[in-house]
Structures are given as C-alpha cells and as structure tokens.
Amino acid sequence: MFTIFKTMLAGIFRDGHTLFWTILFPLAMLAGLGLYFDNQAYSERLLGGVLTTNVLFGSAMVTAFNVMAQRNRGVYKLLRATPFKTSAFITAMTGARTALTLIVSGCVILMGVIILGVSLHALSLLMMLIVLLAGTVCFTAIGFIAANLSRDESNVNMISNLISFPMLFTSEAFYSLQNAPGWVQLLGKLQPFSYFVEAMSIAISPEGAFADIVMPLLILIGFCILCLAVAILTFRWDSERAAGRRFRQKQTSSY
Amino acid sequence: MEHSLIEAHGLVKAYGKRTIVGGLDLTIGKGEVLAIIGPNGAGKSTVLDLLLGLRQPDSGRVTYWTRHPHRHIGLQLQSTPFFPGFNALENLRMFAAFYGMRMKDRQLLALLGKCGLGESAKTDASRLSGGQQKRLAIAMTLVHDPQLIFLDEPTAALDPRARREIRDLIGMLASSGTTVVFTSHDMEEVQKLATRIVMIQAGAIQASGTADELLSQHQVCSLEELYIKLTEV
C-alpha cells in the first residue's frame, strides 16, 4: 500500500492544476485578504477560514473529480480483477490527499504566522493537526459520495458545488452568522463544515483549550463516520451500475 | 477439470427484462487462444465480466482451477484505464502493487521493453499513441505473470501497424504458454491467432470450434463469411 501511496503523492505533486488550487491559491488568498484587512482578530479567523476551506475544496471536490474520472476510465473495474482490496486503495488515496493537506496547511500556517502575525502555541498546533485530520477524512468521504452520485464531469461538478458551497455559506469560515436568519444558522448546525470551522477557530485562538474543541470535534468525527458509511454503501465500481461481490462462485483448487 | 482453467455452466444474466446472457456453457482450456466473436451488444463483454467474477450471474456457476483466480488472471479492458497524470512506468508500478508484486523499476522497465514501450516509460500514459496505450494495458495484465489473460478488443480502433504489433505480442504470449481469451471484430486477426473460436449471439453460443471446423461445418470460405451468415436476421 505504501508504493501506491507514494506513487499517488508523486502524481499529485506533478499535477500543475492540483498544485495551483491546493497550494498557491490558499496562500495567495491568505496573503491578499490578510494584508487588505490588516486586523489581528480577523487574521485568526482568516487563517482558520483558509485552512478549512482549502480542506473542503481540496478534499471534497478534488476527490470527487478524481474518483469519477478513475471510475469512468475503468480503473476500479480493473482494480476489482486484482487481489488488492478496494478499501486499501481508498485508504491509500485518502492518505495521499491527507499528506498533501497537511503539507499545504503547514505552508498556510507558516504564512499566517510570518505575514499576518498570528501567534500559535504548541497545543494550538496539536489541536489544529487533529482537527485537520478529522476534517480531511470527512471531506474526502464527501468527495467519494459526490462521485458516487455522479455520472460524468458536468454531473460531478454540479453535485460537488451543490454540496460544498451551501456548507461554506452556512458556516462561519469567513464571517459571523450572528445576525443571519434563523434558518441559515439552523442549516449551519446540520452540516459538518460548521463544526470543522468551529473546532479550527478554537484551536487557533490563544484562549482555546483542548476541552473546548471536544464537542465540535466529536460531532465532526460523527459526521466523518456517517459520511464514510454512506461513501462505502454508495460506492460504484463502474460507470454503468453497482456491482456485486467478486469471485463468490464456486471455486476449485489448483492443479 | 484436468486441463481446463475455467468452466462456466448455465450462466444467465439479465438487466431488467432484457436477457444479456442466456444459459451459457463455456470451458477455457489451458494453453489455448480462445477468440470470442459476435456482433456489438451480443453479450461478449458481459460474458467476460461473468467469467472474471466482476458481475454475479443470475444463475449458473463458474469454476476456477485455483482458489485465488484474481492472482493468476490478467485483464485488459476495451477502454485503457490509466491513472490520470501518471506515466507508463508509474501506472505499471501501481498495478504491480495491486497484485502484491514487489518489483524493482528495472523489472518493470524490462516488461515495458517486452511490450515495446522501453522508450516511453517516462511518458504520461495519456500522451501515448493508441497502439502504445493498448500495449501498456497489456503490460499491466502481464505484471503478475498470469496463467490466463483476457483481452477485450485489444486491437480495436488501431492503425494496421499498431494492430500488427499487438497481434505479434499476443502471439508471443501464446507461444510462451499463456492462455489467452480475446474478443474481436477483426476476422483476419481471429483466424491468425485463435486456436478455438466461440461465436456469441444474443447471449448464447451459436458456434464453437477451430477455424477449419467452423468453415467446414457451415460450408463457407472465410470467417467473415461465416460471421455474416450467422448474424443474418
């Protein structure tokens, strides 16, 4: 599985589009907005917002496109004809995506500290790491769900947008929802991204204690388990239809 | 089942009310080169999927010569499913890992060389020509040194030179003792490569035998003529 993880990671780092959207774009966004607003309190929110939004789009949308492209090209069908377990493949894929997220997040955090002057202590970094890991797995699973519900490129684009943007807009990633209509606040409480943002904000805040992130983190992990279960239940091997279990027919021993 | 690798009995597969495969019996013998022919939509690819265990039959059974068939079978699909952004060597490395093979790059390069892709190892798979992509797909089926390979229309949409290269590769594999099952619409190719031909129409075997047997039985001069005769409505 390590070979697959390593090859996938190398592939990601050679892909110009992926690098732009997952590394340069968040860095540019953080630097641009941070220097424009030039406010210490907002810098912390901005850092949390950029980190979480990057995971939302980098994990959910990129995974959705990758999974759908691989499935429609027949990669999964071919994979089924090998002894390799699909769960191991998904783990390797999620692992490569998580490694990329952590590297990108490291760069974003470094820029937040150097350019925006955000101060982070060791416990903050540890809490951010835990929150990032849970968020990446959760939104990668959502990416699988979006791909499972899609038939082609235009489909996956629409479905990923339909999932991602409402989550972004009903969260407090970049602004407070204190004065938002009640139904917007309610919608925010029903989706994982809000809890991801909340946990990240607490982790970044100088007053944030580990006990404070437990509740949003547990809810995020709950969503994570739910999304993984839905991703597995809706997983499709090929673009035509869901397939059954393999090699269940009666088999005989070797010559 | 002394000399057969796969035995299928009474395979039935339907999608909704449409029966794709209706009570098919088929044996794949060790060392043979079996061509499965038939019109588009006849059920050839579904038969391959059922034989490979990629789809469950509604009834019937498939018996394999080994407890772990997927470790000893290679598959090339009609499409060329490569990982986007990966070069030929990386795609091969991925599939070697899927089969649990710990292969060094020089071994993978040797396999690419055997399939005529030695110079293209570092080329992005999506940038390879149609013939090179098919050869890479075949290299991926061979990475675990299988006893049996399934090739679904290996020469479809290729130019004559690329077709010849693929045929030569299949011929080389067959002469080395690998059992080959392939589907094709090219009767010249079938005549040249196959030691046995199975004609499928409407999900059932309509004719089976060597090229000479089929020509003699149906009193025709060529496989193309036979194909036209058997697929006439």
# chains A, B, ... in the order shown; residues from 1 in each chain; ligands from 1
$ residues_around --residues "range 15-25 of chain A" --least-positions-apart "4" --cutoff "8 Å" --atoms "only C-alpha atoms" --output "number ranges by chain"
A: 11, 29, 54, 58, 101, 104; B: 85
$ interface_residues --of "chain B" --to "chain A" --cutoff "6 Å" --atoms "only C-alpha atoms" --output "JSON, numbers by chain"
{"B": [53, 54, 61, 62, 63, 64, 65, 66, 67, 70, 81, 94, 98, 99]}
$ write_last_selection --atoms "N, CA and C atoms" --output "PDB file, in the first residue's frame"
ATOM      1  N   GLY B  53     -15.769 -12.907 -12.705  1.00  0.00           N
ATOM      2  CA  GLY B  53     -16.351 -12.655 -11.384  1.00  0.00           C
ATOM      3  C   GLY B  53     -16.611 -11.190 -11.122  1.00  0.00           C
ATOM      4  N   LEU B  54     -16.525 -10.352 -12.155  1.00  0.00           N
ATOM      5  CA  LEU B  54     -16.777  -8.919 -11.963  1.00  0.00           C
ATOM      6  C   LEU B  54     -18.272  -8.639 -11.871  1.00  0.00           C
ATOM      7  N   ARG B  61     -22.983 -21.184 -12.718  1.00  0.00           N
ATOM      8  CA  ARG B  61     -21.787 -21.078 -11.887  1.00  0.00           C
ATOM      9  C   ARG B  61     -20.521 -21.110 -12.734  1.00  0.00           C
ATOM     10  N   VAL B  62     -19.482 -20.533 -12.166  1.00  0.00           N
ATOM     11  CA  VAL B  62     -18.175 -20.534 -12.819  1.00  0.00           C
ATOM     12  C   VAL B  62     -17.203 -21.229 -11.880  1.00  0.00           C
ATOM     13  N   THR B  63     -16.468 -22.189 -12.394  1.00  0.00           N
ATOM     14  CA  THR B  63     -15.497 -22.915 -11.569  1.00  0.00           C
ATOM     15  C   THR B  63     -14.091 -22.605 -12.075  1.00  0.00           C
ATOM     16  N   TYR B  64     -13.209 -22.257 -11.142  1.00  0.00           N
ATOM     17  CA  TYR B  64     -11.831 -21.892 -11.500  1.00  0.00           C
ATOM     18  C   TYR B  64     -10.873 -23.016 -11.125  1.00  0.00           C
ATOM     19  N   TRP B  65      -9.721 -23.014 -11.753  1.00  0.00           N
ATOM     20  CA  TRP B  65      -8.722 -24.035 -11.470  1.00  0.00           C
ATOM     21  C   TRP B  65      -7.942 -23.741 -10.195  1.00  0.00           C
ATOM     22  N   THR B  66      -8.131 -22.555  -9.659  1.00  0.00           N
ATOM     23  CA  THR B  66      -7.377 -22.144  -8.479  1.00  0.00           C
ATOM     24  C   THR B  66      -8.301 -21.451  -7.481  1.00  0.00           C
ATOM     25  N   ARG B  67      -7.886 -21.478  -6.217  1.00  0.00           N
ATOM     26  CA  ARG B  67      -8.699 -20.830  -5.176  1.00  0.00           C
ATOM     27  C   ARG B  67      -8.617 -19.303  -5.279  1.00  0.00           C
ATOM     28  N   HIS B  70      -8.044 -14.335  -9.112  1.00  0.00           N
ATOM     29  CA  HIS B  70      -7.605 -12.987  -9.461  1.00  0.00           C
ATOM     30  C   HIS B  70      -6.090 -12.809  -9.333  1.00  0.00           C
ATOM     31  N   PRO B  81      -7.737   2.067 -19.052  1.00  0.00           N
ATOM     32  CA  PRO B  81      -7.873   2.785 -17.783  1.00  0.00           C
ATOM     33  C   PRO B  81      -6.543   3.067 -17.083  1.00  0.00           C
ATOM     34  N   MET B  94       1.862   0.867 -10.129  1.00  0.00           N
ATOM     35  CA  MET B  94       0.609   0.801  -9.366  1.00  0.00           C
ATOM     36  C   MET B  94      -0.016  -0.586  -9.493  1.00  0.00           C
ATOM     37  N   PHE B  98      -0.940  -3.559  -6.892  1.00  0.00           N
ATOM     38  CA  PHE B  98      -2.280  -4.127  -6.736  1.00  0.00           C
ATOM     39  C   PHE B  98      -2.226  -5.659  -6.700  1.00  0.00           C
ATOM     40  N   TYR B  99      -1.288  -6.224  -7.453  1.00  0.00           N
ATOM     41  CA  TYR B  99      -1.154  -7.685  -7.474  1.00  0.00           C
ATOM     42  C   TYR B  99      -0.200  -8.188  -6.393  1.00  0.00           C
TER      43      TYR B  99
END
$ residues_around --residues "range 40-44 of chain A" --least-positions-apart "3" --cutoff "8 Å" --atoms "only C-alpha atoms" --output "MDAnalysis selection string"
chainID A and resid 34 37 47:48 112 116:118 201 204:205
$ write_last_selection --atoms "C-alpha atoms" --output "compact mmCIF listing (two decimals), in the first residue's frame"
# COMPACT_ATOMS: atom_id res chain seq x y z
CA GLY A 34 -4.82 39.34 5.41
CA PHE A 37 -7.96 43.79 6.25
CA LEU A 47 -6.30 31.65 8.89
CA GLY A 48 -8.97 29.21 10.12
CA GLY A 112 -0.19 33.19 8.74
CA LEU A 116 -0.24 38.09 9.42
CA GLY A 117 1.50 37.82 12.79
CA VAL A 118 -0.84 35.13 14.13
CA SER A 201 -11.24 28.54 15.33
CA ILE A 204 -6.19 28.77 16.58
CA SER A 205 -7.48 31.06 19.32
$ residues_around --residues "range 122-135 of chain B" --least-positions-apart "4" --cutoff "12 Å" --atoms "only C-alpha atoms" --output "PyMOL selection string"
(chain A and resi 11+14-15+73) or (chain B and resi 75-92+105+108-109+111-118+139-142+151-170)
$ select_by_dssp --residues "range 73-152 of chain A" --states "alpha helix (DSSP H)" --output "number ranges by chain"
A: 75-80, 86-114, 122-149
$ residues_around --residues "Leu233 in chain A" --least-positions-apart "2" --cutoff "12 Å" --atoms "only C-alpha atoms" --output "list in words"
Ala141, Phe144, Ile145, Asn148, Leu149, Leu226, Cys227, Leu228, Ala229, Val230, Ala231, Phe235, Arg236, Trp237, Ala242, Ala243 and Gly244 of chain A
$ residues_around --residues "Asp212 in chain B" --least-positions-apart "5" --cutoff "12 Å" --atoms "only C-alpha atoms" --output "list of chain:residue names"
B:Gln191, B:Lys192, B:Ala194, B:Thr195, B:Arg196, B:Ile197, B:Gln217, B:His218, B:Gln219, B:Val220, B:Cys221, B:Ser222, B:Leu223, B:Leu226
$ residues_around --residues "Thr178 in chain B" --least-positions-apart "2" --cutoff "12 Å" --atoms "only C-alpha atoms" --output "PyMOL selection string"
chain B and resi 5+29-34+72-74+141-142+145-150+169-176+180-181
